[in-house]
$ cat protein_34.json   # JSON, C-alpha atoms
[["chain", "number", "residue", "atom", "x", "y", "z"],
["A", 1, "MET", "CA", -62.83, -11.00, -58.76],
["A", 2, "ALA", "CA", -64.85, -13.36, -60.93],
["A", 3, "VAL", "CA", -68.53, -12.61, -61.23],
["A", 4, "ILE", "CA", -69.22, -16.19, -62.31],
["A", 5, "LYS", "CA", -67.47, -18.70, -60.10],
["A", 6, "TRP", "CA", -66.99, -22.15, -61.61],
["A", 7, "ARG", "CA", -68.30, -24.94, -59.45],
["A", 8, "ASP", "CA", -67.50, -28.61, -59.77],
["A", 9, "SER", "CA", -71.23, -29.23, -60.16],
["A", 10, "TYR", "CA", -70.97, -27.58, -63.61],
["A", 11, "ASN", "CA", -68.62, -30.30, -64.92],
["A", 12, "THR", "CA", -70.15, -32.49, -67.58],
["A", 13, "GLY", "CA", -67.45, -35.14, -67.41],
["A", 14, "VAL", "CA", -66.41, -34.38, -71.00],
["A", 15, "GLY", "CA", -63.08, -32.57, -70.76],
["A", 16, "GLN", "CA", -63.32, -30.72, -74.07],
["A", 17, "PHE", "CA", -66.72, -29.27, -73.26],
["A", 18, "ASP", "CA", -65.83, -28.41, -69.69],
["A", 19, "ARG", "CA", -62.83, -26.46, -71.05],
["A", 20, "GLU", "CA", -65.08, -24.76, -73.59],
["A", 21, "HIS", "CA", -67.54, -23.84, -70.84],
["A", 22, "HIS", "CA", -64.64, -22.31, -68.89],
["A", 23, "LYS", "CA", -63.72, -20.29, -71.99],
["A", 24, "LEU", "CA", -67.32, -19.10, -72.36],
["A", 25, "ILE", "CA", -67.27, -17.93, -68.75],
["A", 26, "GLU", "CA", -63.98, -16.10, -69.38],
["A", 27, "LEU", "CA", -65.55, -14.34, -72.37],
["A", 28, "ILE", "CA", -68.65, -13.42, -70.36],
["A", 29, "GLU", "CA", -66.33, -12.00, -67.69],
["A", 30, "LEU", "CA", -64.49, -9.95, -70.36],
["A", 31, "LEU", "CA", -67.79, -8.55, -71.55],
["A", 32, "HIS", "CA", -68.80, -7.67, -68.01],
["A", 33, "GLY", "CA", -65.39, -6.12, -67.36],
["A", 34, "ALA", "CA", -65.61, -3.97, -70.47],
["A", 35, "VAL", "CA", -68.79, -2.38, -69.15],
["A", 36, "ARG", "CA", -67.68, -2.25, -65.51],
["A", 37, "ASP", "CA", -64.41, -0.56, -66.44],
["A", 38, "LYS", "CA", -66.16, 1.81, -68.86],
["A", 39, "SER", "CA", -63.88, 0.66, -71.66],
["A", 40, "GLY", "CA", -66.25, 2.02, -74.24],
["A", 41, "LYS", "CA", -68.73, 0.78, -76.75],
["A", 42, "GLU", "CA", -66.15, -0.45, -79.26],
["A", 43, "VAL", "CA", -64.37, -2.66, -76.71],
["A", 44, "ALA", "CA", -67.68, -4.03, -75.41],
["A", 45, "GLU", "CA", -68.91, -4.76, -78.94],
["A", 46, "LYS", "CA", -65.67, -6.59, -79.72],
["A", 47, "ALA", "CA", -65.99, -8.67, -76.53],
["A", 48, "CYS", "CA", -69.62, -9.41, -77.40],
["A", 49, "ASP", "CA", -68.72, -10.46, -80.95],
["A", 50, "GLU", "CA", -65.99, -12.77, -79.66],
["A", 51, "LEU", "CA", -68.37, -14.31, -77.14],
["A", 52, "VAL", "CA", -71.08, -14.91, -79.71],
["A", 53, "SER", "CA", -68.59, -16.36, -82.21],
["A", 54, "TYR", "CA", -67.09, -18.73, -79.65],
["A", 55, "THR", "CA", -70.55, -19.79, -78.52],
["A", 56, "VAL", "CA", -71.38, -20.85, -82.09],
["A", 57, "VAL", "CA", -68.14, -22.87, -82.27],
["A", 58, "HIS", "CA", -68.89, -24.52, -78.92],
["A", 59, "PHE", "CA", -72.45, -25.40, -79.92],
["A", 60, "ASP", "CA", -71.21, -26.90, -83.18],
["A", 61, "ASN", "CA", -68.65, -29.00, -81.30],
["A", 62, "GLU", "CA", -71.26, -30.29, -78.87],
["A", 63, "GLU", "CA", -73.75, -31.09, -81.60],
["A", 64, "LYS", "CA", -71.17, -32.94, -83.71],
["A", 65, "ALA", "CA", -70.11, -35.05, -80.72],
["A", 66, "MET", "CA", -73.71, -35.85, -79.84],
["A", 67, "ALA", "CA", -74.52, -36.75, -83.45],
["A", 68, "ALA", "CA", -71.46, -39.00, -83.69],
["A", 69, "VAL", "CA", -72.70, -41.19, -80.83],
["A", 70, "GLY", "CA", -76.42, -41.00, -81.56],
["A", 71, "TYR", "CA", -77.36, -38.95, -78.51],
["A", 72, "PRO", "CA", -81.14, -39.35, -78.19],
["A", 73, "GLU", "CA", -81.82, -35.77, -77.07],
["A", 74, "LEU", "CA", -79.78, -34.13, -79.84],
["A", 75, "GLU", "CA", -82.69, -32.40, -81.59],
["A", 76, "ALA", "CA", -84.01, -30.86, -78.37],
["A", 77, "HIS", "CA", -80.49, -29.71, -77.54],
["A", 78, "ARG", "CA", -80.08, -28.20, -81.01],
["A", 79, "GLU", "CA", -83.33, -26.27, -80.56],
["A", 80, "LYS", "CA", -82.07, -24.77, -77.31],
["A", 81, "HIS", "CA", -78.81, -23.80, -78.98],
["A", 82, "SER", "CA", -80.74, -22.24, -81.86],
["A", 83, "LEU", "CA", -82.81, -20.13, -79.47],
["A", 84, "LEU", "CA", -79.69, -18.85, -77.75],
["A", 85, "ARG", "CA", -78.07, -17.96, -81.06],
["A", 86, "GLN", "CA", -81.16, -15.93, -81.98],
["A", 87, "GLU", "CA", -81.24, -14.21, -78.57],
["A", 88, "ALA", "CA", -77.54, -13.38, -78.72],
["A", 89, "GLN", "CA", -77.94, -11.86, -82.18],
["A", 90, "ASN", "CA", -80.89, -9.79, -80.93],
["A", 91, "PHE", "CA", -78.77, -8.55, -78.04],
["A", 92, "GLN", "CA", -75.94, -7.65, -80.42],
["A", 93, "LYS", "CA", -78.36, -5.39, -82.29],
["A", 94, "ARG", "CA", -79.64, -3.86, -79.06],
["A", 95, "ILE", "CA", -76.11, -3.05, -77.91],
["A", 96, "ALA", "CA", -75.61, -0.77, -80.88],
["A", 97, "GLY", "CA", -78.58, 1.38, -79.88],
["A", 98, "ASN", "CA", -78.60, 0.94, -76.12],
["A", 99, "PHE", "CA", -75.07, 1.05, -74.74],
["A", 100, "PRO", "CA", -74.16, 0.13, -72.00],
["A", 101, "ASP", "CA", -77.56, -1.16, -70.83],
["A", 102, "GLY", "CA", -77.83, -3.55, -73.78],
["A", 103, "VAL", "CA", -74.48, -5.11, -72.83],
["A", 104, "LEU", "CA", -75.49, -5.48, -69.21],
["A", 105, "ASP", "CA", -78.74, -7.13, -70.27],
["A", 106, "LEU", "CA", -76.80, -9.53, -72.51],
["A", 107, "TYR", "CA", -74.34, -10.30, -69.74],
["A", 108, "ARG", "CA", -77.12, -11.10, -67.27],
["A", 109, "PHE", "CA", -78.97, -13.21, -69.82],
["A", 110, "LEU", "CA", -75.89, -15.20, -70.84],
["A", 111, "ARG", "CA", -74.76, -15.75, -67.28],
["A", 112, "GLU", "CA", -78.10, -17.20, -66.24],
["A", 113, "TRP", "CA", -78.60, -19.08, -69.49],
["A", 114, "LEU", "CA", -75.14, -20.66, -69.49],
["A", 115, "ILE", "CA", -75.34, -21.91, -65.93],
["A", 116, "ASN", "CA", -78.90, -23.20, -66.35],
["A", 117, "HIS", "CA", -78.06, -24.78, -69.72],
["A", 118, "ILE", "CA", -75.03, -26.58, -68.31],
["A", 119, "LEU", "CA", -76.92, -27.85, -65.28],
["A", 120, "ASP", "CA", -80.16, -28.78, -67.07],
["A", 121, "CYS", "CA", -79.01, -29.94, -70.51],
["A", 122, "ASP", "CA", -75.27, -30.42, -70.81],
["A", 123, "LYS", "CA", -74.96, -32.49, -67.65],
["A", 124, "LYS", "CA", -77.28, -35.03, -69.31],
["A", 125, "TYR", "CA", -75.02, -35.69, -72.29],
["A", 126, "GLY", "CA", -71.87, -36.12, -70.19],
["A", 127, "PRO", "CA", -72.53, -39.66, -68.95],
["A", 128, "PHE", "CA", -73.94, -40.70, -72.34],
["A", 129, "LEU", "CA", -70.93, -39.44, -74.31],
["A", 130, "LYS", "CA", -68.51, -40.95, -71.82],
["A", 131, "GLU", "CA", -70.24, -44.33, -71.96],
["A", 132, "MET", "CA", -70.38, -44.34, -75.76],
["A", 133, "ARG", "CA", -66.70, -43.40, -76.03],
["A", 134, "GLU", "CA", -65.78, -46.21, -73.65],
["A", 135, "ILE", "CA", -67.85, -48.68, -75.65],
["A", 136, "SER", "CA", -66.28, -47.56, -78.93],
["A", 137, "SER", "CA", -62.74, -47.83, -77.52],
["A", 138, "VAL", "CA", -63.20, -51.47, -76.48],
["A", 139, "PRO", "CA", -61.69, -53.68, -79.16],
["A", 140, "SER", "CA", -64.16, -55.98, -80.77],
["A", 141, "HIS", "CA", -63.33, -59.67, -80.74],
["A", 142, "GLN", "CA", -64.36, -61.84, -83.58],
["A", 143, "THR", "CA", -64.73, -65.52, -83.04],
["A", 144, "ALA", "CA", -62.91, -67.67, -85.51],
["A", 145, "GLU", "CA", -65.13, -70.02, -87.45],
["A", 146, "LYS", "CA", -64.05, -73.63, -87.54]]

$ encode --input "protein_34.json" --output "structure tokens"
Amino acid sequence: MAVIKWRDSYNTGVGQFDREHHKLIELIELLHGAVRDKSGKEVAEKACDELVSYTVVHFDNEEKAMAAVGYPELEAHREKHSLLRQEAQNFQKRIAGNFPDGVLDLYRFLREWLINHILDCDKKYGPFLKEMREISSVPSHQTAEK
């Protein structure tokens, strides 16, 4: 049973990023499962490392897409991503000395952060990116000079 249930309200309207958000949720679920099933510190650390690595890839993808279309809230979004990267790295260190509580704390933090981030920040870029992609896919027509 999934601990985080995807809701349609989480969709940004940008297929790539919605798929990446699904993947992040899967990785959070793996991390939670590693602790729930008492798989051991090594398995939990590996799940945590994979989650943090994929998060960095996802953030980079979002930021590149926003930069490509001149998204006006890019810098604020980057700052939020930067804060999460720092928090996740802090949790990774805590896991080493506080297993399994450190993992459970990370899981709770990421679950809340991801859902809030999607609803508060990512949902804003969806319509903007979609509109800019539609504008850029419309062929430009030049008028012939006489």

$ closest_atom_pairs --input "protein_34.json" --of "stretch 17-108 of chain A" --to "stretch 120-133 of chain A" --cutoff "8 Å" --atoms "all atoms listed in the file" --output "Markdown table"
| residue | atom | partner | partner_atom | distance |
| --- | --- | --- | --- | --- |
| A:Ala65 | CA | A:Leu129 | CA | 7.8 |
| A:Met66 | CA | A:Leu129 | CA | 7.2 |
| A:Val69 | CA | A:Met132 | CA | 6.4 |
| A:Tyr71 | CA | A:Phe128 | CA | 7.3 |
| A:His77 | CA | A:Cys121 | CA | 7.2 |

$ closest_residue --input "protein_34.json" --among "A:Glu26, A:Glu45, A:Glu79, A:Glu134" --to "A:Asn98" --atoms "only C-alpha atoms"
A:Glu45

$ residues_around --input "protein_34.json" --residues "A:Gly33" --least-positions-apart "5" --cutoff "10 Å" --atoms "all atoms listed in the file" --output "list in words"
Ala2, Val3, Leu27, Ile28, Lys38, Ser39, Ala44 and Ala47 of chain A

$ write_last_selection --input "protein_34.json" --atoms "C-alpha atoms" --output "mmCIF file, keeping the file's coordinate frame"
data_model
loop_
_atom_site.group_PDB
_atom_site.id
_atom_site.type_symbol
_atom_site.label_atom_id
_atom_site.label_comp_id
_atom_site.auth_asym_id
_atom_site.auth_seq_id
_atom_site.Cartn_x
_atom_site.Cartn_y
_atom_site.Cartn_z
ATOM 1 C CA ALA A 2 -64.850 -13.360 -60.930
ATOM 2 C CA VAL A 3 -68.530 -12.610 -61.230
ATOM 3 C CA LEU A 27 -65.550 -14.340 -72.370
ATOM 4 C CA ILE A 28 -68.650 -13.420 -70.360
ATOM 5 C CA LYS A 38 -66.160 1.810 -68.860
ATOM 6 C CA SER A 39 -63.880 0.660 -71.660
ATOM 7 C CA ALA A 44 -67.680 -4.030 -75.410
ATOM 8 C CA ALA A 47 -65.990 -8.670 -76.530
#

$ closest_residue --input "protein_34.json" --among "A:Asp105, A:Glu62, A:Asp37, A:Glu42" --to "A:Ile118" --atoms "all atoms listed in the file"
A:Glu62

$ atom_distance --input "protein_34.json" --atom1 "atom CA of A:Ala68" --atom2 "atom CA of A:Leu24"
23.3 Å

$ closest_residue --input "protein_34.json" --among "A:Asn116, A:Gln16, A:Ser9, A:Gln92" --to "A:Val52" --atoms "all atoms listed in the file"
A:Gln92

$ decode --input "protein_34.json" --residues "stretch 24-68 of chain A" --atoms "N, CA and C atoms" --output "short mmCIF file (atom, residue, chain, number, x, y, z; two decimals), in the first residue's frame"
data_model
loop_
_atom_site.label_atom_id
_atom_site.label_comp_id
_atom_site.auth_asym_id
_atom_site.auth_seq_id
_atom_site.Cartn_x
_atom_site.Cartn_y
_atom_site.Cartn_z
N LEU A 24 10.04 10.34 -8.06
CA LEU A 24 10.46 10.78 -6.72
C LEU A 24 9.59 10.12 -5.64
N ILE A 25 8.30 10.04 -5.90
CA ILE A 25 7.41 9.40 -4.93
C ILE A 25 7.76 7.92 -4.80
N GLU A 26 8.04 7.26 -5.91
CA GLU A 26 8.46 5.85 -5.85
C GLU A 26 9.71 5.69 -4.99
N LEU A 27 10.68 6.60 -5.16
CA LEU A 27 11.92 6.51 -4.40
C LEU A 27 11.69 6.80 -2.91
N ILE A 28 10.79 7.73 -2.62
CA ILE A 28 10.44 7.99 -1.22
C ILE A 28 9.78 6.76 -0.62
N GLU A 29 8.93 6.10 -1.40
CA GLU A 29 8.27 4.87 -0.94
C GLU A 29 9.30 3.76 -0.68
N LEU A 30 10.32 3.66 -1.56
CA LEU A 30 11.38 2.66 -1.35
C LEU A 30 12.12 2.93 -0.04
N LEU A 31 12.40 4.18 0.20
CA LEU A 31 13.09 4.56 1.43
C LEU A 31 12.23 4.19 2.64
N HIS A 32 10.98 4.53 2.59
CA HIS A 32 10.06 4.19 3.68
C HIS A 32 9.98 2.68 3.86
N GLY A 33 9.88 1.95 2.75
CA GLY A 33 9.80 0.49 2.81
C GLY A 33 11.05 -0.14 3.41
N ALA A 34 12.20 0.43 3.12
CA ALA A 34 13.45 -0.11 3.67
C ALA A 34 13.44 -0.05 5.19
N VAL A 35 12.89 1.02 5.73
CA VAL A 35 12.83 1.15 7.19
C VAL A 35 11.71 0.28 7.75
N ARG A 36 10.54 0.35 7.11
CA ARG A 36 9.38 -0.42 7.57
C ARG A 36 9.70 -1.91 7.61
N ASP A 37 10.37 -2.40 6.58
CA ASP A 37 10.67 -3.82 6.48
C ASP A 37 11.94 -4.21 7.21
N LYS A 38 12.56 -3.25 7.89
CA LYS A 38 13.80 -3.49 8.65
C LYS A 38 14.86 -4.13 7.76
N SER A 39 15.03 -3.54 6.58
CA SER A 39 15.98 -4.06 5.60
C SER A 39 17.42 -3.80 6.00
N GLY A 40 17.61 -2.90 6.93
CA GLY A 40 18.96 -2.61 7.39
C GLY A 40 19.45 -1.26 6.92
N LYS A 41 20.47 -0.82 7.63
CA LYS A 41 21.03 0.50 7.38
C LYS A 41 21.59 0.64 5.97
N GLU A 42 22.29 -0.37 5.49
CA GLU A 42 22.92 -0.30 4.17
C GLU A 42 21.86 -0.13 3.07
N VAL A 43 20.78 -0.87 3.14
CA VAL A 43 19.72 -0.78 2.14
C VAL A 43 19.06 0.60 2.20
N ALA A 44 18.80 1.08 3.41
CA ALA A 44 18.18 2.39 3.59
C ALA A 44 19.10 3.50 3.08
N GLU A 45 20.40 3.39 3.36
CA GLU A 45 21.34 4.40 2.88
C GLU A 45 21.39 4.42 1.36
N LYS A 46 21.36 3.24 0.75
CA LYS A 46 21.36 3.15 -0.71
C LYS A 46 20.10 3.79 -1.28
N ALA A 47 18.95 3.50 -0.69
CA ALA A 47 17.69 4.11 -1.14
C ALA A 47 17.73 5.63 -0.98
N CYS A 48 18.29 6.08 0.12
CA CYS A 48 18.42 7.52 0.37
C CYS A 48 19.34 8.17 -0.65
N ASP A 49 20.47 7.54 -0.93
CA ASP A 49 21.41 8.08 -1.91
C ASP A 49 20.76 8.18 -3.30
N GLU A 50 20.01 7.15 -3.67
CA GLU A 50 19.34 7.15 -4.97
C GLU A 50 18.29 8.27 -5.03
N LEU A 51 17.57 8.44 -3.96
CA LEU A 51 16.56 9.49 -3.89
C LEU A 51 17.18 10.88 -4.01
N VAL A 52 18.24 11.10 -3.28
CA VAL A 52 18.91 12.41 -3.31
C VAL A 52 19.50 12.66 -4.70
N SER A 53 20.12 11.65 -5.28
CA SER A 53 20.71 11.80 -6.62
C SER A 53 19.64 12.12 -7.67
N TYR A 54 18.53 11.40 -7.61
CA TYR A 54 17.46 11.64 -8.59
C TYR A 54 16.84 13.02 -8.38
N THR A 55 16.74 13.45 -7.15
CA THR A 55 16.19 14.77 -6.86
C THR A 55 17.04 15.85 -7.52
N VAL A 56 18.35 15.70 -7.44
CA VAL A 56 19.26 16.67 -8.07
C VAL A 56 19.04 16.68 -9.59
N VAL A 57 18.90 15.52 -10.19
CA VAL A 57 18.65 15.43 -11.64
C VAL A 57 17.33 16.12 -11.98
N HIS A 58 16.30 15.83 -11.20
CA HIS A 58 14.99 16.43 -11.44
C HIS A 58 15.05 17.95 -11.33
N PHE A 59 15.68 18.45 -10.28
CA PHE A 59 15.79 19.90 -10.10
C PHE A 59 16.53 20.53 -11.27
N ASP A 60 17.61 19.90 -11.71
CA ASP A 60 18.36 20.42 -12.86
C ASP A 60 17.47 20.48 -14.10
N ASN A 61 16.68 19.42 -14.33
CA ASN A 61 15.80 19.39 -15.49
C ASN A 61 14.77 20.52 -15.42
N GLU A 62 14.18 20.70 -14.26
CA GLU A 62 13.19 21.78 -14.11
C GLU A 62 13.83 23.14 -14.36
N GLU A 63 14.97 23.36 -13.74
CA GLU A 63 15.62 24.67 -13.85
C GLU A 63 16.05 24.97 -15.28
N LYS A 64 16.53 23.97 -16.00
CA LYS A 64 16.91 24.18 -17.40
C LYS A 64 15.70 24.52 -18.25
N ALA A 65 14.59 23.83 -18.02
CA ALA A 65 13.37 24.12 -18.79
C ALA A 65 12.86 25.52 -18.49
N MET A 66 12.89 25.90 -17.22
CA MET A 66 12.43 27.24 -16.85
C MET A 66 13.34 28.32 -17.44
N ALA A 67 14.63 28.07 -17.42
CA ALA A 67 15.58 29.04 -17.98
C ALA A 67 15.38 29.18 -19.49
N ALA A 68 15.11 28.07 -20.15
CA ALA A 68 14.97 28.09 -21.60
C ALA A 68 13.80 28.96 -22.07
#
